[in-house]
Amino acid sequence: MYVCLCAGVTSQQVIDAVAAGASNTKQVGELTGAGTVCGRCKNNIRALIAAAQPERSH
C-alpha cells in the first residue's frame with residue numbers, strides 16, 4: 001500500500017528502510033523520499049516505524 005503518494009513510496013519500502021537502520025521520519029525520508037514533499041504522511045510513517053522496530057525493554 002502506498003504511504004506517500006507524493007514520492008510513490010509503499011509501506012514495504014518504509015519497513016525496508018527501518019530494517020536498514022532508519023529510526024525516524026527524517027531517516028526514512030533520506031532513504032525513500034517519503035515525507036519529504038508535503039509531509040501529510042509523516043504520522044503514518046511514524047506508525048510504521050514503531051510497528052517495524054523490535055520492542056525495547058523499559
# chains A, B, ... in the order shown; residues from 1 in each chain; ligands from 1
>>> residues_around(residues="region 28-43 of chain A", least_positions_apart="4", cutoff="9 Å", atoms="only C-alpha atoms", output="VMD selection string")
chain A and resid 3 to 10 13 to 14 17 to 18 21 to 24 47 to 49
>>> write_last_selection(atoms="C-alpha atoms", output="tab-separated table (two decimals), in the first residue's frame")
chain	number	residue	atom	x	y	z
A	3	VAL	CA	2.17	5.50	2.29
A	4	CYS	CA	3.49	8.56	0.47
A	5	LEU	CA	1.66	9.42	-2.71
A	6	CYS	CA	3.91	12.41	-3.47
A	7	ALA	CA	7.03	10.24	-3.69
A	8	GLY	CA	5.30	6.96	-4.59
A	9	VAL	CA	6.63	5.14	-1.52
A	10	THR	CA	4.98	1.97	-0.25
A	13	GLN	CA	9.72	0.42	1.37
A	14	VAL	CA	9.33	2.16	4.73
A	17	ALA	CA	14.23	1.40	5.42
A	18	VAL	CA	13.64	0.66	9.11
A	21	GLY	CA	18.59	1.25	10.22
A	22	ALA	CA	16.21	4.19	9.83
A	23	SER	CA	14.61	5.05	13.16
A	24	ASN	CA	12.77	8.31	12.47
A	47	ALA	CA	3.33	4.29	12.96
A	48	LEU	CA	5.14	2.00	10.51
A	49	ILE	CA	8.48	2.74	12.17
>>> select_by_dssp(residues="chain A", states="helix (DSSP H, G or I)", output="MDAnalysis selection string")
chainID A and resid 11:19 25:32 42:52
>>> select_by_dssp(residues="chain A", states="strand (DSSP E)", output="ChimeraX atom specification")
/A:2-4,9-10
>>> residues_around(residues="Ala19 (chain A)", least_positions_apart="3", cutoff="8 Å", atoms="only C-alpha atoms", output="ChimeraX atom specification")
/A:15-16,22,52-53
>>> write_last_selection(atoms="N, CA, C and O atoms", output="PDB file, in the first residue's frame")
ATOM      1  N   ILE A  15       9.200  -0.077   5.695  1.00  0.00           N
ATOM      2  CA  ILE A  15       9.628  -1.183   6.557  1.00  0.00           C
ATOM      3  C   ILE A  15      11.061  -1.599   6.208  1.00  0.00           C
ATOM      4  O   ILE A  15      11.883  -1.842   7.102  1.00  0.00           O
ATOM      5  N   ASP A  16      11.380  -1.650   4.926  1.00  0.00           N
ATOM      6  CA  ASP A  16      12.736  -1.986   4.500  1.00  0.00           C
ATOM      7  C   ASP A  16      13.743  -0.942   4.974  1.00  0.00           C
ATOM      8  O   ASP A  16      14.869  -1.277   5.359  1.00  0.00           O
ATOM      9  N   ALA A  22      16.936   2.933   9.619  1.00  0.00           N
ATOM     10  CA  ALA A  22      16.211   4.192   9.828  1.00  0.00           C
ATOM     11  C   ALA A  22      15.349   4.078  11.075  1.00  0.00           C
ATOM     12  O   ALA A  22      14.679   3.072  11.282  1.00  0.00           O
ATOM     13  N   ALA A  52       7.550  -1.630  13.050  1.00  0.00           N
ATOM     14  CA  ALA A  52       8.633  -2.410  12.458  1.00  0.00           C
ATOM     15  C   ALA A  52       9.834  -2.563  13.375  1.00  0.00           C
ATOM     16  O   ALA A  52      10.630  -3.481  13.198  1.00  0.00           O
ATOM     17  N   GLN A  53       9.962  -1.683  14.350  1.00  0.00           N
ATOM     18  CA  GLN A  53      11.107  -1.770  15.257  1.00  0.00           C
ATOM     19  C   GLN A  53      10.868  -2.845  16.303  1.00  0.00           C
ATOM     20  O   GLN A  53       9.758  -3.011  16.781  1.00  0.00           O
TER      21      GLN A  53
END
